[in-house]
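Student: Here you go, this is final_10.cif (mmCIF, C-alpha atoms).
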```
data_entry
loop_
_atom_site.label_atom_id
_atom_site.label_comp_id
_atom_site.auth_asym_id
_atom_site.auth_seq_id
_atom_site.Cartn_x
_atom_site.Cartn_y
_atom_site.Cartn_z
CA MET E 1157 2.07 -21.76 17.81
CA ILE E 1158 0.89 -19.18 15.29
CA VAL E 1159 -2.11 -17.09 16.35
CA VAL E 1160 -4.05 -15.16 13.72
CA HIS E 1161 -5.87 -12.17 15.17
CA HIS E 1162 -8.76 -12.38 12.77
CA LEU E 1163 -11.36 -9.70 12.12
CA ASN E 1164 -14.55 -10.88 10.44
CA ASN E 1165 -15.06 -9.80 6.81
CA SER E 1166 -11.56 -8.49 6.46
CA ARG E 1167 -8.13 -8.75 4.91
CA SER E 1168 -7.21 -11.42 7.43
CA GLN E 1169 -9.24 -14.11 5.61
CA ARG E 1170 -6.40 -14.38 3.10
CA ILE E 1171 -3.95 -15.17 5.92
CA LEU E 1172 -6.13 -18.11 7.01
CA TRP E 1173 -6.15 -19.34 3.41
CA LEU E 1174 -2.34 -19.08 3.23
CA LEU E 1175 -1.89 -21.01 6.47
CA GLU E 1176 -4.22 -23.75 5.19
CA GLU E 1177 -2.25 -23.91 1.94
CA LEU E 1178 1.03 -24.10 3.88
CA GLY E 1179 -0.41 -26.80 6.16
CA VAL E 1180 0.93 -25.03 9.24
CA ASP E 1181 -0.85 -25.36 12.60
CA TYR E 1182 -2.47 -22.16 13.79
CA GLU E 1183 -5.10 -20.81 16.10
CA ILE E 1184 -7.70 -18.15 15.32
CA LYS E 1185 -8.41 -15.39 17.80
CA PRO E 1186 -11.63 -13.82 16.48
CA TYR E 1187 -12.49 -10.10 16.70
CA LYS E 1188 -15.76 -8.47 15.69
CA ARG E 1189 -16.04 -5.07 14.00
CA ASP E 1190 -17.61 -2.31 16.10
CA ALA E 1191 -21.33 -2.27 15.22
CA THR E 1192 -21.42 1.55 14.86
CA THR E 1193 -18.08 2.44 13.27
CA ASN E 1194 -17.42 -0.86 11.45
CA LEU E 1195 -13.79 -0.48 12.62
CA ALA E 1196 -11.68 -3.07 14.40
CA PRO E 1197 -12.25 -3.22 18.19
CA LYS E 1198 -9.77 -1.50 20.54
CA THR E 1199 -8.62 -4.85 21.99
CA LEU E 1200 -6.51 -5.37 18.86
CA LYS E 1201 -4.20 -2.61 20.16
CA LEU E 1202 -3.00 -5.03 22.80
CA ILE E 1203 -1.42 -7.10 20.02
CA HIS E 1204 0.02 -4.30 17.86
CA PRO E 1205 0.05 -0.50 18.45
CA LEU E 1206 -1.96 0.27 15.29
CA GLY E 1207 -4.77 -2.07 16.36
CA LYS E 1208 -5.55 -3.41 12.91
CA SER E 1209 -6.19 -6.87 11.52
CA PRO E 1210 -4.54 -8.96 10.20
CA VAL E 1211 -1.80 -9.34 12.72
CA ILE E 1212 -0.19 -12.64 13.68
CA THR E 1213 1.93 -13.78 16.56
CA ASP E 1214 4.33 -16.68 16.13
CA ASN E 1215 5.50 -17.34 19.69
CA ASP E 1216 7.41 -14.13 20.56
CA ILE E 1217 7.35 -12.70 17.02
CA THR E 1218 4.54 -10.30 16.04
CA VAL E 1219 3.97 -9.46 12.37
CA ALA E 1220 1.48 -6.91 11.02
CA GLU E 1221 0.53 -5.62 7.53
CA SER E 1222 -0.88 -8.20 5.06
CA GLY E 1223 2.06 -8.13 2.63
CA ALA E 1224 4.60 -8.49 5.43
CA ILE E 1225 2.67 -11.35 7.04
CA ILE E 1226 2.50 -13.22 3.74
CA GLU E 1227 6.23 -12.70 3.16
CA TYR E 1228 7.06 -13.81 6.71
CA LEU E 1229 4.94 -16.97 6.54
CA ILE E 1230 6.29 -17.97 3.14
CA GLU E 1231 9.92 -17.34 4.08
CA THR E 1232 9.51 -19.26 7.30
CA TYR E 1233 7.19 -22.10 6.31
CA GLY E 1234 6.84 -22.44 2.54
CA GLN E 1235 9.47 -21.16 0.12
CA HIS E 1236 7.64 -23.02 -2.70
CA LEU E 1237 5.07 -20.19 -2.76
CA LYS E 1238 7.82 -17.71 -3.74
CA PRO E 1239 9.30 -17.82 -7.27
CA GLY E 1240 13.09 -18.15 -7.62
CA GLU E 1241 15.40 -15.12 -7.45
CA HIS E 1242 16.06 -12.89 -10.48
CA SER E 1243 13.19 -14.38 -12.50
CA GLN E 1244 10.32 -12.55 -14.19
CA ALA E 1245 7.96 -14.52 -11.92
CA ARG E 1246 9.80 -13.21 -8.84
CA ARG E 1247 9.48 -9.62 -10.05
CA GLU E 1248 5.76 -10.16 -10.63
CA TYR E 1249 5.45 -11.72 -7.17
CA THR E 1250 7.01 -8.65 -5.54
CA TYR E 1251 5.02 -6.29 -7.74
CA TRP E 1252 1.57 -7.70 -6.95
CA LEU E 1253 2.41 -8.05 -3.25
CA HIS E 1254 2.97 -4.27 -3.14
CA PHE E 1255 0.32 -3.30 -5.68
CA ALA E 1256 -2.63 -4.89 -3.82
CA GLU E 1257 -2.46 -2.61 -0.77
CA GLY E 1258 -0.34 0.22 -2.18
CA SER E 1259 -2.38 0.96 -5.32
CA LEU E 1260 -5.51 -1.17 -5.55
CA MET E 1261 -7.10 -0.98 -2.09
CA PRO E 1262 -6.87 2.78 -1.28
CA PRO E 1263 -9.41 3.95 -3.90
CA MET E 1264 -11.65 0.97 -3.07
CA VAL E 1265 -11.65 1.96 0.61
CA ALA E 1266 -12.32 5.59 -0.39
CA LYS E 1267 -15.42 4.40 -2.27
CA LEU E 1268 -16.74 2.73 0.88
CA VAL E 1269 -16.08 5.91 2.87
CA PHE E 1270 -17.95 8.05 0.34
CA ASP E 1271 -20.84 5.62 0.08
CA LYS E 1272 -21.22 6.08 3.83
CA VAL E 1273 -21.17 9.88 3.47
CA LYS E 1274 -23.98 9.65 0.91
CA THR E 1275 -26.09 7.35 3.07
CA LYS E 1276 -25.64 9.23 6.31
CA ALA E 1277 -26.06 12.86 5.19
CA LYS E 1278 -29.27 14.53 6.38
CA PRO E 1279 -31.45 16.59 5.93
CA PHE E 1280 -32.57 16.29 2.31
CA PHE E 1281 -30.75 19.29 0.77
CA VAL E 1282 -27.53 18.41 2.64
CA LYS E 1283 -27.86 14.84 1.39
CA MET E 1284 -28.22 16.02 -2.19
CA LEU E 1285 -25.15 18.20 -1.95
CA ALA E 1286 -23.17 15.53 -0.09
CA GLU E 1287 -23.99 13.08 -2.87
CA LYS E 1288 -22.87 15.56 -5.48
CA ILE E 1289 -19.58 16.24 -3.69
CA ALA E 1290 -18.93 12.54 -3.07
CA ASP E 1291 -19.68 11.69 -6.71
CA LYS E 1292 -17.40 14.48 -7.92
CA VAL E 1293 -14.46 13.28 -5.81
CA MET E 1294 -15.02 9.69 -6.93
CA GLU E 1295 -15.36 10.63 -10.62
CA GLY E 1296 -12.53 13.11 -10.56
CA TYR E 1297 -10.00 11.11 -8.64
CA TYR E 1298 -10.60 7.65 -7.16
CA ALA E 1299 -12.91 5.99 -9.71
CA PRO E 1300 -10.58 6.45 -12.73
CA ILE E 1301 -7.73 4.92 -10.70
CA THR E 1302 -9.84 1.87 -9.82
CA ALA E 1303 -11.04 1.55 -13.43
CA ALA E 1304 -7.44 1.61 -14.71
CA ASN E 1305 -6.37 -0.89 -12.05
CA MET E 1306 -9.21 -3.27 -12.95
CA SER E 1307 -8.54 -3.17 -16.66
CA PHE E 1308 -4.85 -3.79 -15.98
CA ILE E 1309 -5.62 -6.81 -13.75
CA GLU E 1310 -8.24 -8.14 -16.17
CA THR E 1311 -5.64 -8.13 -18.98
CA HIS E 1312 -3.11 -9.88 -16.75
CA LEU E 1313 -5.61 -12.60 -15.84
CA GLN E 1314 -6.69 -13.08 -19.46
CA ASN E 1315 -3.11 -14.17 -20.11
CA ASN E 1316 -2.15 -15.80 -16.81
CA LYS E 1317 -3.76 -18.37 -14.56
CA TRP E 1318 -2.01 -17.02 -11.44
CA PHE E 1319 -0.50 -13.65 -10.61
CA ALA E 1320 3.20 -14.54 -10.62
CA GLY E 1321 4.28 -17.26 -13.03
CA ASP E 1322 2.55 -20.58 -13.73
CA GLU E 1323 2.00 -21.64 -10.12
CA LEU E 1324 0.05 -20.33 -7.17
CA SER E 1325 2.26 -17.97 -5.13
CA GLY E 1326 2.07 -15.51 -2.24
CA ALA E 1327 0.93 -12.84 -4.72
CA ASP E 1328 -2.38 -14.69 -5.18
CA PHE E 1329 -3.15 -14.60 -1.46
CA GLN E 1330 -2.44 -10.86 -1.31
CA MET E 1331 -4.55 -10.10 -4.41
CA SER E 1332 -7.46 -12.36 -3.42
CA PHE E 1333 -9.17 -10.01 -0.96
CA PRO E 1334 -9.63 -6.91 -3.16
CA LEU E 1335 -10.72 -9.05 -6.12
CA GLU E 1336 -13.21 -10.97 -4.00
CA ALA E 1337 -14.61 -7.61 -2.85
CA VAL E 1338 -14.92 -6.39 -6.46
CA VAL E 1339 -16.78 -9.51 -7.53
CA ALA E 1340 -18.99 -9.48 -4.42
CA ARG E 1341 -19.97 -5.86 -5.21
CA GLY E 1342 -21.20 -7.02 -8.60
CA ALA E 1343 -18.45 -5.82 -10.93
CA GLY E 1344 -17.62 -9.38 -12.00
CA ALA E 1345 -19.94 -9.33 -15.03
CA GLN E 1346 -17.78 -6.65 -16.70
CA LEU E 1347 -14.56 -8.37 -15.64
CA PRO E 1348 -14.84 -12.01 -16.72
CA ALA E 1349 -11.19 -12.98 -16.18
CA ILE E 1350 -11.20 -11.53 -12.65
CA SER E 1351 -14.49 -13.27 -11.97
CA GLU E 1352 -13.13 -16.65 -13.16
CA TYR E 1353 -9.98 -16.15 -11.13
CA VAL E 1354 -11.99 -15.59 -7.95
CA GLN E 1355 -14.04 -18.73 -8.70
CA ARG E 1356 -10.77 -20.63 -9.26
CA ILE E 1357 -9.41 -19.78 -5.82
CA HIS E 1358 -12.79 -20.47 -4.18
CA GLN E 1359 -12.62 -24.02 -5.52
CA LEU E 1360 -9.31 -24.82 -3.82
CA ASP E 1361 -9.54 -27.15 -0.83
CA SER E 1362 -7.24 -24.90 1.20
CA TYR E 1363 -9.57 -21.97 0.52
CA LYS E 1364 -12.65 -23.96 1.56
CA ARG E 1365 -11.02 -25.07 4.82
CA ALA E 1366 -10.03 -21.45 5.62
CA LEU E 1367 -13.56 -20.27 4.91
CA ALA E 1368 -15.06 -22.91 7.20
CA LYS E 1369 -12.73 -21.90 10.03
CA GLY E 1370 -12.87 -18.10 9.63
CA GLY E 1371 -16.53 -17.50 10.40
CA ASP E 1372 -18.83 -15.13 8.51
CA TYR E 1373 -17.32 -13.68 5.34
CA ASP E 1374 -19.35 -11.75 2.76
CA TYR E 1375 -16.97 -12.08 -0.16
CA ALA E 1376 -17.05 -15.81 -0.93
CA MET X 1018 21.24 1.22 -18.50
CA ILE X 1019 18.61 2.00 -15.88
CA VAL X 1020 16.14 4.74 -16.78
CA VAL X 1021 14.06 6.33 -14.01
CA HIS X 1022 10.82 7.79 -15.30
CA HIS X 1023 10.75 10.62 -12.83
CA LEU X 1024 7.78 12.83 -12.03
CA ASN X 1025 8.60 16.11 -10.28
CA ASN X 1026 7.58 16.38 -6.60
CA SER X 1027 6.74 12.72 -6.32
CA ARG X 1028 7.49 9.30 -4.90
CA SER X 1029 10.18 8.82 -7.53
CA GLN X 1030 12.63 11.12 -5.72
CA ARG X 1031 13.34 8.25 -3.31
CA ILE X 1032 14.36 6.00 -6.22
CA LEU X 1033 16.95 8.57 -7.34
CA TRP X 1034 18.30 8.65 -3.78
CA LEU X 1035 18.51 4.84 -3.71
CA LEU X 1036 20.39 4.72 -7.02
CA GLU X 1037 22.85 7.34 -5.75
CA GLU X 1038 23.36 5.32 -2.58
CA LEU X 1039 23.91 2.14 -4.62
CA GLY X 1040 26.32 3.96 -6.91
CA VAL X 1041 24.61 2.51 -9.99
CA ASP X 1042 24.62 4.43 -13.31
CA TYR X 1043 21.21 5.66 -14.35
CA GLU X 1044 19.46 8.17 -16.51
CA ILE X 1045 16.51 10.38 -15.56
CA LYS X 1046 13.62 10.80 -17.95
CA PRO X 1047 11.68 13.76 -16.49
CA TYR X 1048 7.88 14.13 -16.56
CA LYS X 1049 5.88 17.15 -15.41
CA ARG X 1050 2.55 16.96 -13.61
CA ASP X 1051 -0.46 18.22 -15.57
CA ALA X 1052 -0.93 21.88 -14.57
CA THR X 1053 -4.72 21.48 -14.08
CA THR X 1054 -5.14 18.00 -12.57
CA ASN X 1055 -1.71 17.71 -10.88
CA LEU X 1056 -1.68 14.10 -12.14
CA ALA X 1057 1.09 12.37 -14.09
CA PRO X 1058 1.04 13.08 -17.86
CA LYS X 1059 -0.42 10.48 -20.23
CA THR X 1060 3.00 9.82 -21.82
CA LEU X 1061 3.88 7.68 -18.79
CA LYS X 1062 1.38 5.09 -20.07
CA LEU X 1063 3.84 4.27 -22.84
CA ILE X 1064 6.19 2.89 -20.17
CA HIS X 1065 3.67 1.04 -17.96
CA PRO X 1066 -0.11 0.56 -18.45
CA LEU X 1067 -1.03 2.36 -15.20
CA GLY X 1068 0.91 5.48 -16.25
CA LYS X 1069 2.25 6.32 -12.81
CA SER X 1070 5.66 7.34 -11.50
CA PRO X 1071 7.98 5.93 -10.30
CA VAL X 1072 8.61 3.32 -12.91
CA ILE X 1073 12.05 2.19 -14.04
CA THR X 1074 13.36 0.31 -17.02
CA ASP X 1075 16.55 -1.72 -16.74
CA ASN X 1076 17.23 -2.68 -20.38
CA ASP X 1077 14.27 -4.96 -21.20
CA ILE X 1078 12.95 -5.18 -17.62
CA THR X 1079 10.24 -2.73 -16.48
CA VAL X 1080 9.46 -2.38 -12.78
CA ALA X 1081 6.66 -0.26 -11.29
CA GLU X 1082 5.39 0.40 -7.71
CA SER X 1083 7.85 2.06 -5.28
CA GLY X 1084 8.23 -0.92 -2.95
CA ALA X 1085 8.80 -3.33 -5.84
CA ILE X 1086 11.36 -1.01 -7.48
CA ILE X 1087 13.29 -0.70 -4.21
CA GLU X 1088 13.26 -4.49 -3.74
CA TYR X 1089 14.35 -5.05 -7.35
CA LEU X 1090 17.23 -2.57 -7.21
CA ILE X 1091 18.48 -3.87 -3.87
CA GLU X 1092 18.29 -7.53 -4.91
CA THR X 1093 20.05 -6.77 -8.19
CA TYR X 1094 22.60 -4.15 -7.19
CA GLY X 1095 23.01 -3.86 -3.43
CA GLN X 1096 22.16 -6.71 -1.06
CA HIS X 1097 23.85 -4.74 1.77
CA LEU X 1098 20.74 -2.56 1.99
CA LYS X 1099 18.65 -5.63 2.95
CA PRO X 1100 19.07 -7.19 6.42
CA GLY X 1101 19.88 -10.91 6.64
CA GLU X 1102 17.15 -13.57 6.48
CA HIS X 1103 15.15 -14.61 9.56
CA SER X 1104 16.32 -11.63 11.64
CA GLN X 1105 14.20 -9.06 13.46
CA ALA X 1106 15.79 -6.40 11.21
CA ARG X 1107 14.63 -8.31 8.12
CA ARG X 1108 11.07 -8.47 9.44
CA GLU X 1109 11.14 -4.73 10.12
CA TYR X 1110 12.55 -4.14 6.65
CA THR X 1111 9.65 -6.01 5.04
CA TYR X 1112 7.11 -4.40 7.37
CA TRP X 1113 8.06 -0.78 6.65
CA LEU X 1114 8.39 -1.46 2.92
CA HIS X 1115 4.71 -2.50 2.91
CA PHE X 1116 3.50 -0.07 5.56
CA ALA X 1117 4.64 3.11 3.76
CA GLU X 1118 2.31 2.74 0.77
CA GLY X 1119 -0.20 0.25 2.20
CA SER X 1120 -1.08 2.09 5.42
CA LEU X 1121 0.64 5.45 5.69
CA MET X 1122 0.15 7.10 2.30
CA PRO X 1123 -3.58 6.42 1.58
CA PRO X 1124 -4.98 8.70 4.33
CA MET X 1125 -2.35 11.34 3.49
CA VAL X 1126 -3.43 11.31 -0.16
CA ALA X 1127 -7.09 11.50 0.97
CA LYS X 1128 -6.24 14.67 2.92
CA LEU X 1129 -4.85 16.28 -0.24
CA VAL X 1130 -7.98 15.28 -2.16
CA PHE X 1131 -10.26 16.78 0.52
CA ASP X 1132 -8.20 19.95 0.79
CA LYS X 1133 -8.82 20.39 -2.93
CA VAL X 1134 -12.57 19.85 -2.45
CA LYS X 1135 -12.60 22.58 0.19
CA THR X 1136 -10.64 25.05 -1.95
CA LYS X 1137 -12.58 24.46 -5.16
CA ALA X 1138 -16.18 24.39 -3.92
CA LYS X 1139 -18.25 27.44 -4.93
CA PRO X 1140 -20.55 29.34 -4.31
CA PHE X 1141 -20.25 30.34 -0.68
CA PHE X 1142 -22.94 28.11 0.88
CA VAL X 1143 -21.78 25.11 -1.13
CA LYS X 1144 -18.22 25.82 -0.01
CA MET X 1145 -19.31 25.91 3.64
CA LEU X 1146 -21.11 22.62 3.35
CA ALA X 1147 -18.29 21.04 1.34
CA GLU X 1148 -15.85 22.06 4.07
CA LYS X 1149 -18.09 20.56 6.71
CA ILE X 1150 -18.44 17.27 4.82
CA ALA X 1151 -14.71 17.10 4.06
CA ASP X 1152 -13.83 17.83 7.70
CA LYS X 1153 -16.26 15.20 8.92
CA VAL X 1154 -14.80 12.50 6.67
CA MET X 1155 -11.27 13.45 7.70
CA GLU X 1156 -12.12 13.58 11.43
CA GLY X 1157 -14.24 10.46 11.34
CA TYR X 1158 -11.98 8.24 9.29
CA TYR X 1159 -8.69 9.32 7.72
CA ALA X 1160 -7.24 11.75 10.29
CA PRO X 1161 -7.30 9.31 13.25
CA ILE X 1162 -5.50 6.73 11.09
CA THR X 1163 -2.78 9.23 10.19
CA ALA X 1164 -2.48 10.36 13.82
CA ALA X 1165 -2.05 6.75 15.00
CA ASN X 1166 0.49 6.08 12.22
CA MET X 1167 2.51 9.18 13.14
CA SER X 1168 2.60 8.40 16.82
CA PHE X 1169 3.67 4.82 16.01
CA ILE X 1170 6.50 6.02 13.72
CA GLU X 1171 7.55 8.73 16.19
CA THR X 1172 7.97 6.07 18.90
CA HIS X 1173 9.94 3.85 16.54
CA LEU X 1174 12.31 6.69 15.64
CA GLN X 1175 12.76 7.72 19.28
CA ASN X 1176 14.31 4.30 19.78
CA ASN X 1177 15.95 3.63 16.39
CA LYS X 1178 18.23 5.63 14.13
CA TRP X 1179 17.00 3.82 11.00
CA PHE X 1180 13.81 1.91 10.22
CA ALA X 1181 15.16 -1.66 10.07
CA GLY X 1182 18.07 -2.45 12.35
CA ASP X 1183 21.16 -0.33 13.02
CA GLU X 1184 22.02 0.46 9.42
CA LEU X 1185 20.40 2.31 6.56
CA SER X 1186 18.25 -0.13 4.51
CA GLY X 1187 15.70 -0.15 1.71
CA ALA X 1188 13.00 0.57 4.31
CA ASP X 1189 14.43 4.06 4.82
CA PHE X 1190 14.13 4.93 1.13
CA GLN X 1191 10.52 3.75 1.07
CA MET X 1192 9.58 5.66 4.26
CA SER X 1193 11.43 8.86 3.30
CA PHE X 1194 8.80 10.33 0.97
CA PRO X 1195 5.74 10.33 3.26
CA LEU X 1196 7.81 11.59 6.20
CA GLU X 1197 9.34 14.38 4.12
CA ALA X 1198 5.81 15.37 3.12
CA VAL X 1199 4.67 15.41 6.75
CA VAL X 1200 7.56 17.63 7.81
CA ALA X 1201 7.16 19.91 4.77
CA ARG X 1202 3.49 20.39 5.69
CA GLY X 1203 4.59 21.68 9.09
CA ALA X 1204 3.81 18.72 11.36
CA GLY X 1205 7.47 18.31 12.29
CA ALA X 1206 7.24 20.50 15.40
CA GLN X 1207 4.92 17.98 17.08
CA LEU X 1208 6.97 15.03 15.86
CA PRO X 1209 10.59 15.76 16.84
CA ALA X 1210 11.99 12.28 16.16
CA ILE X 1211 10.44 12.20 12.67
CA SER X 1212 11.73 15.70 12.05
CA GLU X 1213 15.28 14.75 13.10
CA TYR X 1214 15.12 11.61 10.98
CA VAL X 1215 14.21 13.63 7.88
CA GLN X 1216 17.08 16.05 8.62
CA ARG X 1217 19.40 13.03 9.00
CA ILE X 1218 18.61 11.68 5.54
CA HIS X 1219 18.81 15.15 4.00
CA GLN X 1220 22.41 15.42 5.23
CA LEU X 1221 23.55 12.28 3.40
CA ASP X 1222 25.75 12.88 0.35
CA SER X 1223 23.74 10.38 -1.69
CA TYR X 1224 20.55 12.29 -0.85
CA LYS X 1225 22.11 15.63 -1.84
CA ARG X 1226 23.31 14.24 -5.18
CA ALA X 1227 19.82 12.83 -5.93
CA LEU X 1228 18.22 16.16 -5.06
CA ALA X 1229 20.57 18.04 -7.36
CA LYS X 1230 19.78 15.67 -10.23
CA GLY X 1231 16.01 15.33 -9.73
CA GLY X 1232 14.92 18.92 -10.38
CA ASP X 1233 12.35 20.81 -8.33
CA TYR X 1234 11.20 19.06 -5.16
CA ASP X 1235 9.12 20.74 -2.46
CA TYR X 1236 9.83 18.33 0.37
CA ALA X 1237 13.55 18.88 1.03
#
```
With the file now loaded, output its structure as structure tokens.
Tutor:
Amino acid sequence: MIVVHHLNNSRSQRILWLLEELGVDYEIKPYKRDATTNLAPKTLKLIHPLGKSPVITDNDITVAESGAIIEYLIETYGQHLKPGEHSQARREYTYWLHFAEGSLMPPMVAKLVFDKVKTKAKPFFVKMLAEKIADKVMEGYYAPITAANMSFIETHLQNNKWFAGDELSGADFQMSFPLEAVVARGAGAQLPAISEYVQRIHQLDSYKRALAKGGDYDYA
Amino acid sequence: MIVVHHLNNSRSQRILWLLEELGVDYEIKPYKRDATTNLAPKTLKLIHPLGKSPVITDNDITVAESGAIIEYLIETYGQHLKPGEHSQARREYTYWLHFAEGSLMPPMVAKLVFDKVKTKAKPFFVKMLAEKIADKVMEGYYAPITAANMSFIETHLQNNKWFAGDELSGADFQMSFPLEAVVARGAGAQLPAISEYVQRIHQLDSYKRALAKGGDYDYA
């Protein structure tokens, strides 16, 4: 039996969606973020040394890292979600699987970290300076990367219904979480194709079932 | 003919090494980092919309994102660098391919960004505060992630010669760059297995040929 070690409001929601789409039996072991740090609780380290979610166990096999979990589940339970070898769709599949966590998420996570710096800094003059420093780092480095990524994705979704080829594939599960976060933070108005794409996945029955089972989730 | 759009001192060095190991003909198109920003030059946008290195062209096929390039080259030119399906080695292969850029690099890049904040802040009292803020963000968020990642990799390399199974695989090319950077920054003394691993790859003939062809590189 597959067990998904599932952290609320996290990357692991997409793994639930994938399992629903594959129609494979699974069990959810829920974890709650630490109320102070917002990080995953230490108990996750019992499953995998890095103590992060998502991580799945499939009997005696443990798989961590979103992209690797998606690849494992598709290779084991649903090859139809992976385009055929040596096709353009297959190259896009591999590309987006790596892009989502390798290029898209890091500057988005940095923004969250800096927003926290700005909120938490005290007293007043320290706060002002902290805001200035945080804004400078975002403007000078992370924000332009995110802007370029978003415009690149927006163009792709203006011309394509799904990320890799004409059918839903593993790439869509991997890309869903960052795009849901972008739309939930309010950027959807400037990115209509991304916004429509997120609505499209939210209308799928498999997505709705995963959402009902996963517990609280702020991005759908 | 394969063309590697190669930025000096960057992730693309590992692609040169892979091509040497595969024994595939290729051409290097060199790019220099902008002297002020240290970013890739704008000319890279002519090859791929995100304008980052590495990116390769193989006649009319363009592939970006390190992990996707490694997967493409191995599937097209050297299946022996990919462990067989449904094996533990194959799962490790996929894991490390995603882990390197999805989990390991982002906090390492954040450290570089913060080191720059600390160096550049002026005048004196702003610099002091900037250092304090930068240190707090590193200590509170990014540094513990890197420490956990390093200890996890160190343990893996105490027990394994290569990242996925008993033979060199695509996972080693993907993991080489961040580990070279760690050792070059002086952390090797505390991480003997990582340090030995980096020495091991540096002794390979394919690595030496790639280094000779790639131009200046600070991490070997």
Student: E:Gly1326, E:Pro1300, E:Gly1371, E:Pro1205: which is nearest chain X, counting only C-alpha atoms?
Tutor: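 Among the listed residues, E:Pro1205 lies closest to chain X.
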Student: Can you work out which residues from chain X touch chain E at a cut-off of 9 Å (counting all atoms listed in the file) and hand them back as a PyMOL selection string?
Tutor: chain X and resi 1066-1067+1078+1080-1086+1088-1089+1092-1093+1102-1103+1105+1108-1109+1111-1120+1122-1124+1127+1130-1131+1134+1138+1143+1146-1147+1150+1154+1158+1162+1165-1166+1169
Student: Mind checking which residues fall within 6 Å of E:Ile1158, counting only C-alpha atoms, ignoring those fewer than 3 positions away in the same chain, and posting them as a ChimeraX atom specification?
Tutor: /E:1182,1213-1214
Student: So how many Å separate atom CA of E:Lys1185 and atom CA of E:Val1159, to one decimal?
Tutor: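 Atom CA of E:Lys1185 sits 6.7 Å away from atom CA of E:Val1159.
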Student: Given all atoms listed in the file as the basis, pick out the residue of X:Tyr1234, X:Tyr1048, X:Phe1180, X:Tyr1094 nearest to X:Arg1031.
Tutor: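 Residue with the minimum atom-to-atom distance to X:Arg1031: X:Tyr1234.
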Student: Determine the residue set returned by the PyMOL selection byres ((chain E and resi 1178) around 10) for the present structure, and present it as an MDAnalysis selection string.
Tutor: chainID E and resid 1172:1177 1179:1181 1229:1230 1233:1237 1362
Student: Could you work out how far atom CA of X:Met1125 lies from atom CA of X:Lys1139, giving the answer in Å with one decimal?
Tutor: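 It comes out at 24.1 Å.
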Student: Atom CA of X:Ala1237 and atom CA of X:Ala1201 are how many Å apart?
Tutor: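 Atom CA of X:Ala1237 sits 7.5 Å away from atom CA of X:Ala1201.
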Student: What residues come out when you apply the PyMOL selection byres ((chain X and resi 1211-1214) around 10) to this file, written as a PyMOL selection string?
Tutor: chain X and resi 1167-1168+1170-1175+1177-1180+1189+1193+1196-1197+1199-1201+1203-1210+1215-1219
Student: Within 8 Å of E:Asn1165, counting all atoms listed in the file, which residues qualify if same-chain residues fewer than 6 places away don't, as a PyMOL selection string?
Tutor: chain E and resi 1372-1375
Student: With all atoms listed in the file as the basis for distance, which of X:Lys1230, X:Lys1128, X:Lys1099, X:Lys1137 is at the shortest distance from X:Gly1182?
Tutor: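 With all atoms listed in the file as the atom set, the closest residue is X:Lys1099.
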Student: Calculated over only C-alpha atoms, which of the candidates E:Leu1163, E:Ile1212, E:Ala1368, E:Ala1299 has the smallest distance to E:Asn1194?
Tutor: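 Nearest candidate to E:Asn1194 out of E:Leu1163, E:Ile1212, E:Ala1368, E:Ala1299: E:Leu1163.
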Student: Go through E:Ser1325, E:Ser1243, E:Thr1199, E:Gln1330 and flag the residue nearest E:His1161, using all atoms listed in the file for the distances.
Tutor: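 Of E:Ser1325, E:Ser1243, E:Thr1199, E:Gln1330, the one nearest E:His1161, counting all atoms listed in the file, is E:Thr1199.
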Student: Could you complete stretch 1058-1063 of chain X so that it carries N, CA, C and O atoms, and give it back as a PDB file, in the coordinates of the input?
Tutor:
```pdb
ATOM      1  N   PRO X1058       1.471  12.933 -16.464  1.00  0.00           N
ATOM      2  CA  PRO X1058       1.040  13.080 -17.860  1.00  0.00           C
ATOM      3  C   PRO X1058       0.801  11.720 -18.508  1.00  0.00           C
ATOM      4  O   PRO X1058       1.356  10.707 -18.076  1.00  0.00           O
ATOM      5  N   LYS X1059      -0.028  11.736 -19.568  1.00  0.00           N
ATOM      6  CA  LYS X1059      -0.420  10.480 -20.230  1.00  0.00           C
ATOM      7  C   LYS X1059       0.761   9.737 -20.855  1.00  0.00           C
ATOM      8  O   LYS X1059       0.701   8.527 -21.044  1.00  0.00           O
ATOM      9  N   THR X1060       1.835  10.464 -21.189  1.00  0.00           N
ATOM     10  CA  THR X1060       3.000   9.820 -21.820  1.00  0.00           C
ATOM     11  C   THR X1060       3.592   8.703 -20.964  1.00  0.00           C
ATOM     12  O   THR X1060       4.230   7.796 -21.479  1.00  0.00           O
ATOM     13  N   LEU X1061       3.362   8.741 -19.655  1.00  0.00           N
ATOM     14  CA  LEU X1061       3.880   7.680 -18.790  1.00  0.00           C
ATOM     15  C   LEU X1061       3.244   6.330 -19.087  1.00  0.00           C
ATOM     16  O   LEU X1061       3.796   5.284 -18.759  1.00  0.00           O
ATOM     17  N   LYS X1062       2.052   6.351 -19.713  1.00  0.00           N
ATOM     18  CA  LYS X1062       1.380   5.090 -20.070  1.00  0.00           C
ATOM     19  C   LYS X1062       2.147   4.308 -21.134  1.00  0.00           C
ATOM     20  O   LYS X1062       1.907   3.109 -21.328  1.00  0.00           O
ATOM     21  N   LEU X1063       3.026   4.979 -21.841  1.00  0.00           N
ATOM     22  CA  LEU X1063       3.840   4.270 -22.840  1.00  0.00           C
ATOM     23  C   LEU X1063       4.866   3.366 -22.154  1.00  0.00           C
ATOM     24  O   LEU X1063       5.361   2.410 -22.739  1.00  0.00           O
TER      25      LEU X1063
END
```
